[in-house]
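Okay, protein12.txt is below, compact mmCIF, C-alpha atoms:
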# COMPACT_ATOMS: atom_id res chain seq x y z
CA MET D 16 196.48 22.27 207.00
CA GLY D 17 199.51 24.49 206.38
CA LEU D 18 200.76 27.52 208.24
CA VAL D 19 198.90 30.02 206.05
CA GLN D 20 195.63 28.08 206.27
CA GLU D 21 195.91 27.71 210.05
CA VAL D 22 196.53 31.43 210.51
CA ARG D 23 193.77 32.41 208.08
CA SER D 24 191.32 30.20 209.98
CA LEU D 25 191.61 32.53 212.98
CA THR D 26 189.53 35.63 213.56
CA LYS D 27 191.25 39.02 213.45
CA THR D 28 191.23 39.18 217.26
CA GLN D 29 192.77 35.71 217.55
CA ARG D 30 195.48 36.51 214.99
CA ARG D 31 196.41 39.76 216.72
CA THR D 32 196.49 38.12 220.13
CA PHE D 33 198.59 35.14 219.06
CA GLY D 34 200.90 37.37 217.00
CA ALA D 35 201.56 39.59 220.01
CA CYS D 36 202.19 36.60 222.30
CA PHE D 37 204.53 34.98 219.77
CA LEU D 38 206.46 38.22 219.26
CA GLY D 39 206.69 38.77 223.00
CA TRP D 40 208.32 35.36 223.55
CA THR D 41 210.52 35.77 220.46
CA LEU D 42 211.81 39.20 221.48
CA ASP D 43 212.28 38.08 225.08
CA ALA D 44 214.48 35.22 223.84
CA PHE D 45 216.23 37.60 221.43
CA ASP D 46 217.24 39.84 224.33
CA PHE D 47 218.45 36.83 226.31
CA PHE D 48 220.59 35.39 223.51
CA LEU D 49 222.24 38.77 222.80
CA LEU D 50 224.12 38.13 226.03
CA THR D 51 225.33 34.68 224.95
CA VAL D 52 226.75 35.94 221.63
CA CYS D 53 228.43 38.96 223.25
CA LEU D 54 230.06 37.21 226.22
CA LYS D 55 233.65 37.62 225.03
CA ALA D 56 233.16 41.27 224.06
CA ILE D 57 231.61 42.09 227.43
CA ALA D 58 234.41 40.31 229.28
CA ALA D 59 237.02 42.26 227.33
CA ASP D 60 235.30 45.58 228.08
CA PHE D 61 235.07 44.82 231.80
CA HIS D 62 238.60 43.32 231.88
CA VAL D 63 237.44 40.00 233.32
CA GLY D 64 237.20 36.43 232.05
CA THR D 65 234.21 35.04 230.19
CA LYS D 66 233.53 32.82 233.21
CA GLU D 67 232.79 35.89 235.33
CA VAL D 68 230.45 37.37 232.71
CA ALA D 69 228.75 33.98 232.24
CA GLU D 70 227.49 34.38 235.81
CA ALA D 71 224.95 36.74 234.23
CA ILE D 72 223.33 33.74 232.52
CA PHE D 73 223.11 31.97 235.87
CA TRP D 74 221.44 34.95 237.54
CA THR D 75 218.98 35.28 234.70
CA LEU D 76 217.94 31.63 235.12
CA VAL D 77 217.79 31.87 238.92
CA MET D 78 215.47 34.89 238.85
CA ARG D 79 213.08 33.57 236.19
CA PRO D 80 210.86 31.71 238.72
CA VAL D 81 210.48 34.97 240.66
CA GLY D 82 209.18 36.66 237.53
CA ALA D 83 206.85 33.77 236.69
CA PHE D 84 205.32 34.03 240.16
CA LEU D 85 205.13 37.83 240.24
CA PHE D 86 203.75 38.44 236.76
CA GLY D 87 201.50 35.38 236.92
CA ALA D 88 199.91 36.68 240.10
CA MET D 89 199.47 40.10 238.46
CA ALA D 90 197.80 38.47 235.46
CA GLU D 91 195.31 36.69 237.71
CA ARG D 92 194.52 39.91 239.55
CA PHE D 93 194.66 42.62 236.88
CA GLY D 94 194.27 40.68 233.62
CA ARG D 95 196.52 39.10 231.02
CA GLN D 96 196.73 41.97 228.52
CA PRO D 97 197.93 44.79 230.84
CA THR D 98 200.31 42.44 232.64
CA LEU D 99 201.89 41.32 229.37
CA MET D 100 202.26 44.96 228.32
CA ILE D 101 204.03 45.82 231.59
CA ASN D 102 206.21 42.72 231.21
CA VAL D 103 207.39 43.69 227.71
CA ILE D 104 208.24 47.22 228.86
CA ALA D 105 210.09 45.78 231.89
CA PHE D 106 212.39 43.40 230.03
CA SER D 107 213.14 46.12 227.46
CA ILE D 108 214.08 48.61 230.19
CA PHE D 109 216.30 46.06 231.91
CA GLU D 110 217.96 45.24 228.59
CA LEU D 111 218.67 48.95 228.05
CA GLY D 112 219.97 49.26 231.61
CA SER D 113 222.38 46.42 230.86
CA ALA D 114 223.73 48.41 227.91
CA PHE D 115 224.74 51.28 230.20
CA ALA D 116 226.13 49.20 233.09
CA PRO D 117 229.48 50.78 234.07
CA GLY D 118 230.95 47.57 235.48
CA LEU D 119 230.47 43.87 236.01
CA HIS D 120 228.58 44.05 239.32
CA SER D 121 225.98 46.49 238.03
CA PHE D 122 225.71 44.42 234.85
CA LEU D 123 224.92 41.31 236.90
CA ILE D 124 222.21 43.22 238.78
CA TRP D 125 220.59 44.35 235.53
CA ARG D 126 220.67 40.78 234.20
CA ALA D 127 219.06 39.48 237.38
CA LEU D 128 216.28 42.04 236.93
CA PHE D 129 216.00 41.00 233.30
CA GLY D 130 215.59 37.41 234.50
CA ILE D 131 212.55 38.45 236.55
CA ALA D 132 210.92 40.00 233.50
CA MET D 133 211.89 37.11 231.21
CA GLY D 134 210.45 34.61 233.65
CA GLY D 135 207.06 36.27 233.56
CA GLU D 136 206.54 36.48 229.81
CA TRP D 137 205.97 32.85 228.81
CA GLY D 138 203.29 32.00 231.37
CA VAL D 139 201.22 35.15 230.85
CA ALA D 140 201.51 35.03 227.05
CA SER D 141 200.60 31.34 226.80
CA ALA D 142 197.58 31.79 229.08
CA LEU D 143 196.34 34.74 227.02
CA ALA D 144 196.92 32.92 223.72
CA PHE D 145 195.23 29.64 224.63
CA GLU D 146 192.26 31.32 226.29
CA VAL D 147 191.59 33.00 222.93
CA LEU D 148 192.57 30.34 220.35
CA PRO D 149 190.10 27.64 219.18
CA LYS D 150 190.74 24.32 220.92
CA GLU D 151 191.01 22.34 217.66
CA SER D 152 194.09 24.40 216.67
CA ARG D 153 195.90 24.37 220.00
CA GLY D 154 198.45 21.75 218.98
CA PHE D 155 199.66 23.63 215.91
CA PHE D 156 199.83 26.99 217.65
CA SER D 157 201.43 25.41 220.73
CA GLY D 158 204.33 24.28 218.56
CA LEU D 159 204.53 27.63 216.83
CA LEU D 160 204.41 29.63 220.07
CA GLN D 161 207.13 27.57 221.76
CA GLU D 162 209.47 27.95 218.80
CA GLY D 163 209.40 31.72 219.25
CA TYR D 164 212.33 30.94 221.55
CA VAL D 165 214.23 29.43 218.61
CA VAL D 166 213.34 32.38 216.37
CA GLY D 167 214.70 34.75 219.04
CA ASN D 168 217.94 32.77 219.08
CA LEU D 169 218.20 32.97 215.30
CA LEU D 170 217.54 36.74 215.33
CA ALA D 171 220.27 37.32 217.92
CA ALA D 172 222.74 35.19 215.94
CA ALA D 173 221.84 36.97 212.68
CA LEU D 174 222.19 40.44 214.21
CA TYR D 175 225.52 39.48 215.73
CA GLY D 176 226.87 38.09 212.47
CA LEU D 177 225.60 40.89 210.23
CA LEU D 178 226.03 43.98 212.43
CA PHE D 179 228.55 43.35 215.20
CA PRO D 180 231.68 43.13 212.97
CA HIS D 181 230.85 46.56 211.52
CA LEU D 182 230.45 48.38 214.85
CA HIS D 183 233.49 50.31 216.06
CA GLY D 184 232.28 52.59 218.85
CA THR D 185 234.04 53.26 222.15
CA GLY D 186 232.99 53.96 225.74
CA MET D 187 229.23 53.73 226.16
CA PHE D 188 228.93 52.95 222.46
CA MET D 189 231.06 49.83 222.47
CA PRO D 190 229.67 47.32 219.92
CA TRP D 191 228.13 45.02 222.55
CA ARG D 192 226.43 48.00 224.21
CA VAL D 193 224.89 49.02 220.90
CA MET D 194 223.57 45.49 220.51
CA PHE D 195 221.87 45.74 223.90
CA MET D 196 220.44 49.15 222.99
CA ILE D 197 218.85 47.53 219.96
CA GLY D 198 217.55 44.87 222.34
CA ALA D 199 215.42 47.54 224.04
CA LEU D 200 213.32 48.05 220.89
CA PRO D 201 210.79 45.33 221.86
CA ALA D 202 209.24 47.97 224.15
CA LEU D 203 207.46 49.16 220.99
CA LEU D 204 205.43 45.94 221.15
CA ALA D 205 203.69 47.38 224.21
CA PHE D 206 201.98 49.96 221.99
CA TYR D 207 200.64 47.17 219.79
CA LEU D 208 199.40 45.31 222.86
CA ARG D 209 197.65 48.44 224.10
CA LEU D 210 195.99 49.30 220.79
CA PHE D 211 195.14 45.98 219.14
CA VAL D 212 195.13 43.13 221.71
CA LYS D 213 192.04 42.58 223.82
CA GLU D 214 191.79 41.06 227.26
CA SER D 215 191.19 37.33 227.59
CA PRO D 216 187.41 36.64 227.43
CA ALA D 217 187.90 33.93 230.05
CA TRP D 218 189.40 36.38 232.52
CA LEU D 219 186.73 39.00 231.78
CA GLU D 220 183.96 36.45 232.33
CA SER D 221 185.50 35.37 235.61
CA ARG D 222 185.75 38.98 236.78
CA GLU D 223 182.13 39.64 235.87
CA LEU D 224 180.89 36.51 237.64
CA ARG D 225 182.76 37.46 240.76
CA ARG D 226 181.42 41.02 240.58
CA THR D 227 177.79 39.99 240.16
CA SER D 228 178.05 37.34 242.87
CA GLN D 229 179.61 39.89 245.23
CA VAL D 230 182.81 37.90 245.53
CA LYS D 231 186.23 39.52 245.57
CA ALA D 232 187.78 40.36 242.21
CA PRO D 233 189.78 37.53 240.65
CA GLY D 234 193.27 37.34 241.93
CA PHE D 235 196.06 35.02 242.95
CA SER D 236 196.08 33.40 246.38
CA PHE D 237 198.40 30.92 248.09
CA ALA D 238 195.32 28.89 248.98
CA ALA D 239 194.82 28.18 245.28
CA ILE D 240 198.37 26.85 244.97
CA VAL D 241 197.88 24.61 248.02
CA LYS D 242 194.54 23.37 246.69
CA PHE D 243 196.12 22.23 243.43
CA LEU D 244 199.53 21.32 244.87
CA PRO D 245 199.71 17.72 243.50
CA ALA D 246 199.06 18.94 239.95
CA PHE D 247 201.60 21.72 240.39
CA LEU D 248 204.32 19.40 241.69
CA PHE D 249 203.78 17.02 238.79
CA ILE D 250 204.20 19.86 236.29
CA VAL D 251 207.38 21.01 238.05
CA VAL D 252 208.86 17.49 237.82
CA LEU D 253 207.84 17.24 234.17
CA MET D 254 209.40 20.62 233.34
CA THR D 255 212.62 19.75 235.19
CA ALA D 256 212.96 16.77 232.85
CA PHE D 257 212.06 18.89 229.83
CA THR D 258 214.50 21.70 230.60
CA SER D 259 217.23 19.10 231.17
CA PHE D 260 216.34 17.75 227.73
CA SER D 261 216.76 21.11 226.00
CA HIS D 262 219.66 22.58 228.01
CA GLY D 263 221.41 19.21 228.05
CA THR D 264 221.50 19.16 224.24
CA GLN D 265 222.07 22.87 223.59
CA ASP D 266 224.21 24.64 226.19
CA LEU D 267 227.50 22.74 225.68
CA TYR D 268 226.98 21.69 222.07
CA PRO D 269 228.91 24.67 220.57
CA THR D 270 231.79 23.96 222.97
CA PHE D 271 231.62 20.26 222.05
CA LEU D 272 231.89 21.08 218.33
CA GLU D 273 234.89 23.36 218.92
CA HIS D 274 236.65 21.11 221.45
CA ASP D 275 235.91 17.52 220.43
CA HIS D 276 235.68 18.11 216.67
CA GLU D 277 238.02 21.14 216.48
CA LEU D 278 235.67 23.03 214.16
CA SER D 279 236.05 26.71 213.30
CA PRO D 280 233.50 29.25 214.59
CA SER D 281 231.98 29.63 211.11
CA ARG D 282 231.32 25.88 210.83
CA VAL D 283 229.99 25.74 214.38
CA GLY D 284 227.64 28.60 213.51
CA LEU D 285 226.45 26.79 210.39
CA ILE D 286 225.65 23.61 212.31
CA LEU D 287 223.79 25.58 215.00
CA VAL D 288 221.68 27.43 212.42
CA VAL D 289 220.72 24.13 210.75
CA ALA D 290 219.90 22.63 214.17
CA ASN D 291 217.70 25.61 215.03
CA PHE D 292 215.73 25.17 211.83
CA GLY D 293 215.22 21.55 212.82
CA ALA D 294 213.95 22.74 216.20
CA LEU D 295 211.52 25.15 214.56
CA PHE D 296 210.06 22.54 212.20
CA GLY D 297 209.95 19.87 214.89
CA GLY D 298 207.98 22.01 217.32
CA VAL D 299 205.32 22.86 214.75
CA CYS D 300 205.17 19.28 213.41
CA PHE D 301 204.72 17.48 216.72
CA GLY D 302 202.47 20.20 218.09
CA THR D 303 200.17 19.61 215.12
CA LEU D 304 200.39 15.82 215.46
CA SER D 305 199.36 16.10 219.12
CA GLU D 306 195.89 17.18 217.97
CA LYS D 307 195.42 13.83 216.23
CA PHE D 308 197.33 11.44 218.47
CA GLY D 309 197.13 13.20 221.85
CA ARG D 310 199.58 15.29 223.86
CA ARG D 311 201.24 12.46 225.76
CA ARG D 312 201.69 10.21 222.76
CA ALA D 313 203.26 13.01 220.67
CA ILE D 314 205.71 13.87 223.47
CA VAL D 315 206.65 10.24 224.12
CA TRP D 316 207.34 9.52 220.44
CA ALA D 317 209.38 12.70 219.97
CA ALA D 318 211.47 11.97 223.08
CA LEU D 319 212.14 8.34 222.17
CA LEU D 320 212.94 9.16 218.54
CA SER D 321 215.69 11.52 219.70
CA ILE D 322 217.78 8.53 220.88
CA PRO D 323 218.47 7.03 217.41
CA MET D 324 219.65 10.48 216.27
CA VAL D 325 222.54 10.56 218.75
CA PRO D 326 225.17 8.80 216.57
CA LEU D 327 224.79 11.40 213.81
CA TRP D 328 224.52 14.27 216.31
CA ALA D 329 227.57 13.46 218.46
CA TRP D 330 229.69 10.83 216.74
CA SER D 331 229.82 11.94 213.09
CA HIS D 332 233.14 13.07 211.59
CA SER D 333 232.03 15.55 208.93
CA VAL D 334 230.36 18.94 209.12
CA ALA D 335 227.57 17.79 206.80
CA LEU D 336 226.67 14.78 208.92
CA LEU D 337 226.92 16.75 212.17
CA ALA D 338 224.55 19.33 210.68
CA VAL D 339 222.11 16.59 209.68
CA GLY D 340 222.39 15.12 213.17
CA GLY D 341 221.83 18.52 214.76
CA PHE D 342 218.74 19.08 212.61
CA LEU D 343 217.23 15.66 213.40
CA LEU D 344 218.00 15.67 217.12
CA GLN D 345 216.63 19.17 217.69
CA PHE D 346 213.63 18.28 215.50
CA MET D 347 212.79 15.64 218.12
CA VAL D 348 213.81 17.59 221.24
CA GLN D 349 211.86 20.68 220.26
CA GLY D 350 209.16 18.46 218.78
CA ALA D 351 208.45 17.28 222.32
CA TRP D 352 208.69 20.87 223.53
CA GLY D 353 206.23 22.06 220.90
CA VAL D 354 203.42 20.22 222.68
CA ILE D 355 204.20 21.79 226.06
CA PRO D 356 202.39 25.19 225.89
CA ALA D 357 199.04 23.54 225.07
CA HIS D 358 199.65 20.56 227.39
CA LEU D 359 200.53 22.69 230.42
CA ASN D 360 197.67 25.14 229.95
CA GLU D 361 195.20 22.28 229.62
CA LEU D 362 196.54 20.67 232.80
CA SER D 363 196.47 23.93 234.78
CA PRO D 364 193.38 24.79 236.85
CA GLY D 365 191.53 27.86 235.60
CA PRO D 366 191.92 30.05 238.72
CA VAL D 367 195.74 29.84 238.53
CA ARG D 368 196.30 29.31 234.80
CA ALA D 369 198.51 32.40 234.46
CA VAL D 370 200.69 31.22 237.38
CA PHE D 371 200.93 27.43 237.08
CA PRO D 372 202.52 26.86 233.64
CA GLY D 373 205.01 29.72 233.80
CA LEU D 374 206.10 29.11 237.39
CA ALA D 375 206.48 25.36 236.84
CA TYR D 376 208.44 26.00 233.64
CA GLN D 377 210.86 28.37 235.36
CA LEU D 378 211.25 26.19 238.45
CA GLY D 379 212.19 23.39 236.07
CA ASN D 380 214.79 25.72 234.57
CA LEU D 381 216.12 26.46 238.04
CA LEU D 382 216.33 22.80 239.07
CA SER D 383 218.17 21.86 235.86
CA SER D 384 220.42 24.94 235.76
CA ARG D 385 223.51 22.96 236.91
CA ASN D 386 223.10 20.37 234.17
CA SER D 387 226.04 21.67 232.12
CA VAL D 388 228.28 21.66 235.20
CA PHE D 389 227.55 17.96 235.76
CA GLN D 390 228.24 17.21 232.10
CA VAL D 391 231.64 18.93 232.24
CA ARG D 392 232.57 17.23 235.50
CA TYR D 393 231.75 13.82 234.04
CA ALA D 394 233.73 14.58 230.89
CA ASN D 395 236.76 15.69 232.90
CA ALA D 396 236.59 12.71 235.26
CA PHE D 397 235.92 9.87 232.83
CA SER D 398 236.47 11.03 229.23
CA GLY D 399 239.62 13.10 229.33
CA GLY D 400 237.59 16.27 228.85
CA MET D 401 235.82 14.95 225.74
CA LEU D 402 232.12 15.81 225.88
CA LYS D 403 230.57 13.31 223.44
CA VAL D 404 230.02 10.58 226.03
CA ALA D 405 228.44 13.00 228.51
CA LEU D 406 226.16 14.46 225.84
CA THR D 407 225.20 11.00 224.59
CA GLY D 408 224.35 9.81 228.08
CA THR D 409 222.31 12.96 228.71
CA VAL D 410 220.13 12.42 225.65
CA VAL D 411 219.50 8.73 226.34
CA ILE D 412 218.77 9.12 230.06
CA VAL D 413 216.73 12.32 229.90
CA ALA D 414 214.74 11.24 226.83
CA LEU D 415 213.68 8.08 228.68
CA VAL D 416 212.80 10.10 231.80
CA VAL D 417 210.71 12.55 229.77
CA ALA D 418 208.89 9.67 228.06
CA VAL D 419 208.16 7.79 231.31
CA ILE D 420 206.96 10.84 233.28
CA THR D 421 204.75 11.94 230.39
CA MET D 422 203.38 8.44 229.77
CA PHE D 423 202.23 7.99 233.36
CA GLY D 424 201.04 11.57 233.80
CA PRO D 425 197.61 13.05 233.09
CA GLU D 426 196.33 14.51 229.83
CA ALA D 427 193.55 17.06 229.37
CA LYS D 428 193.53 17.53 225.58
CA GLY D 429 190.57 19.64 224.53
CA ASN D 430 190.00 20.93 228.07
CA ASP D 431 187.79 24.04 228.20
CA LEU D 432 190.04 27.11 228.52
CA SER D 433 187.26 29.60 227.95
CA THR D 434 186.81 30.17 231.66
CA THR D 435 189.14 30.76 234.60
CA GLY D 436 186.56 29.60 237.11
Could you express the structure from this file as structure tokens?
Amino acid sequence: MGLVQEVRSLTKTQRRTFGACFLGWTLDAFDFFLLTVCLKAIAADFHVGTKEVAEAIFWTLVMRPVGAFLFGAMAERFGRQPTLMINVIAFSIFELGSAFAPGLHSFLIWRALFGIAMGGEWGVASALAFEVLPKESRGFFSGLLQEGYVVGNLLAAALYGLLFPHLHGTGMFMPWRVMFMIGALPALLAFYLRLFVKESPAWLESRELRRTSQVKAPGFSFAAIVKFLPAFLFIVVLMTAFTSFSHGTQDLYPTFLEHDHELSPSRVGLILVVANFGALFGGVCFGTLSEKFGRRRAIVWAALLSIPMVPLWAWSHSVALLAVGGFLLQFMVQGAWGVIPAHLNELSPGPVRAVFPGLAYQLGNLLSSRNSVFQVRYANAFSGGMLKVALTGTVVIVALVVAVITMFGPEAKGNDLSTTG
């Protein structure tokens, strides 16, 4: 069944809910990647090096688990829909605040706050989406939802390439500041959430059951985390491997193309766009296949199939072959990732479903946040600064780790997500 048929098979409520969740994740990623494309411009405006401004990326990643915990707990207590609406408004406000930061220190504070909001979006949105979607379509929509991150990256790159060269403002209207002002527009999504997206039926049912049984209203508690601690720790380990898989193949790849292959920015951009399209298609493809073959099997095959793609991806000597390698490798990497939203929500206990997936995801991000540092250190120590060996080793080792952890972990495909009890 194709994209159009899958979407048309949903009810109006399901389409509106999934559309809002997909847009929320896409626009959240869009706001994040605006920073990565504007690093040099921001550094020039603040009269510092790009290394100092890049600390903003670190602080965003560090604060994401805080947001996953905070907004996840709010979603358990007050509901998914209002929490997601508050989250969208929050990351838009923090993006706008970044645009008006007078100096580097205040800019870093705004980006840390943005990290809190960004960390909360994925978990709340995925819980809301999968508590509404039919279980037989979870695989397809899991892949589609996860690739909202890729679409956000593409939007940021497109806006930068099409608009940034034509902006010539000064002061508080420097080109990078205008880009961040545009990044505040996702706040408009909150109006859509308020008017057209309904609360999760699972959460409403849980609230009603607790009300009629004279039990406290549904809400997050530390006791729930302790009760399900083994499951939570497994998901954290799994997501540490997964985030190492994605960051290990993405973060230094532009630098690798410029340094090892001495490619121009335009050719680097072309290869990255092609790779992102591979990521988009891979996520949807393997997410769909997971409905037929199971979550674990789809992840394991995608991870293992990334290894044969390494020679094209890292060792080719032409732009065309590097682009093909980028497409195929990211097809597999994000193919494995495309299964994750459905897999994590099915593994997460109902009473903490809005907390577990998002918090585990962001803790995995935190634990793997130094991955690029280790890659550079290895390259400098053993490869004369050339990154291809470090990147190759990362793919081989991490792909095997992802496959092994997934293979020996649990699976709950088709698990009932219609209740949070």
Expressed in Å, the length from CA of Arg126 (chain D) to CA of Gly184 (chain D) is 22.6 Å
Quiz prompt | Which residue of D:Val68, D:Leu177, D:Leu160, D:Val77 approaches Leu123 (chain D) most closely, using all atoms listed in the file | solution =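 Among the listed residues, D:Val68 lies closest to Leu123 (chain D).
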Who sits within 10 Å of Ala205 (chain D), all atoms listed in the file, same chain under 6 positions skipped, as a PyMOL selection string: chain D and resi 35+39+96-97+99-104+212
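For the set D:Thr98, D:Thr409, D:Ser157, D:Ser141, the residue with the smallest atom-to-atom gap to Leu295 (chain D) is D:Ser157, counting only C-alpha atoms.
Take CA of Pro201 (chain D) and CA of Phe45 (chain D): the distance between them is 9.5 Å.
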From CA of Gly340 (chain D) to CA of Met324 (chain D) the spacing works out at 6.2 Å
For this session: May I ask which of the residues D:Leu344, D:Leu432, D:Val252, D:Leu174 is the closest one to Tyr268 (chain D), counting only C-alpha atoms?
Result: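 Looking only at the distances to Tyr268 (chain D), the closest residue turns out to be D:Leu344.
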Output region 168-183 of chain D with N, CA and C atoms present, as a CSV table (one decimal), in the frame of the given file.
chain,number,residue,atom,x,y,z
D,168,ASN,N,216.5,33.2,219.2
D,168,ASN,CA,217.9,32.8,219.1
D,168,ASN,C,218.5,33.1,217.7
D,169,LEU,N,217.8,32.7,216.7
D,169,LEU,CA,218.2,33.0,215.3
D,169,LEU,C,218.4,34.5,215.0
D,170,LEU,N,217.4,35.3,215.5
D,170,LEU,CA,217.5,36.7,215.3
D,170,LEU,C,218.8,37.3,216.0
D,171,ALA,N,219.1,36.8,217.2
D,171,ALA,CA,220.3,37.3,217.9
D,171,ALA,C,221.5,36.9,217.2
D,172,ALA,N,221.6,35.7,216.7
D,172,ALA,CA,222.7,35.2,215.9
D,172,ALA,C,222.9,36.0,214.6
D,173,ALA,N,221.8,36.2,214.0
D,173,ALA,CA,221.8,37.0,212.7
D,173,ALA,C,222.3,38.4,212.9
D,174,LEU,N,221.8,39.1,213.9
D,174,LEU,CA,222.2,40.4,214.2
D,174,LEU,C,223.7,40.5,214.6
D,175,TYR,N,224.1,39.5,215.3
D,175,TYR,CA,225.5,39.5,215.7
D,175,TYR,C,226.4,39.3,214.5
D,176,GLY,N,226.0,38.4,213.6
D,176,GLY,CA,226.9,38.1,212.5
D,176,GLY,C,226.9,39.2,211.4
D,177,LEU,N,225.7,39.9,211.3
D,177,LEU,CA,225.6,40.9,210.2
D,177,LEU,C,226.0,42.3,210.7
D,178,LEU,N,225.8,42.6,212.0
D,178,LEU,CA,226.0,44.0,212.4
D,178,LEU,C,227.3,44.1,213.3
D,179,PHE,N,227.5,43.2,214.2
D,179,PHE,CA,228.6,43.4,215.2
D,179,PHE,C,229.9,43.6,214.6
D,180,PRO,N,230.3,42.9,213.5
D,180,PRO,CA,231.7,43.1,213.0
D,180,PRO,C,231.9,44.5,212.4
D,181,HIS,N,230.8,45.2,212.1
D,181,HIS,CA,230.8,46.6,211.5
D,181,HIS,C,230.7,47.7,212.5
D,182,LEU,N,230.6,47.4,213.8
D,182,LEU,CA,230.4,48.4,214.8
D,182,LEU,C,231.8,48.7,215.4
D,183,HIS,N,232.1,49.9,215.6
D,183,HIS,CA,233.5,50.3,216.1
D,183,HIS,C,233.5,51.4,217.1
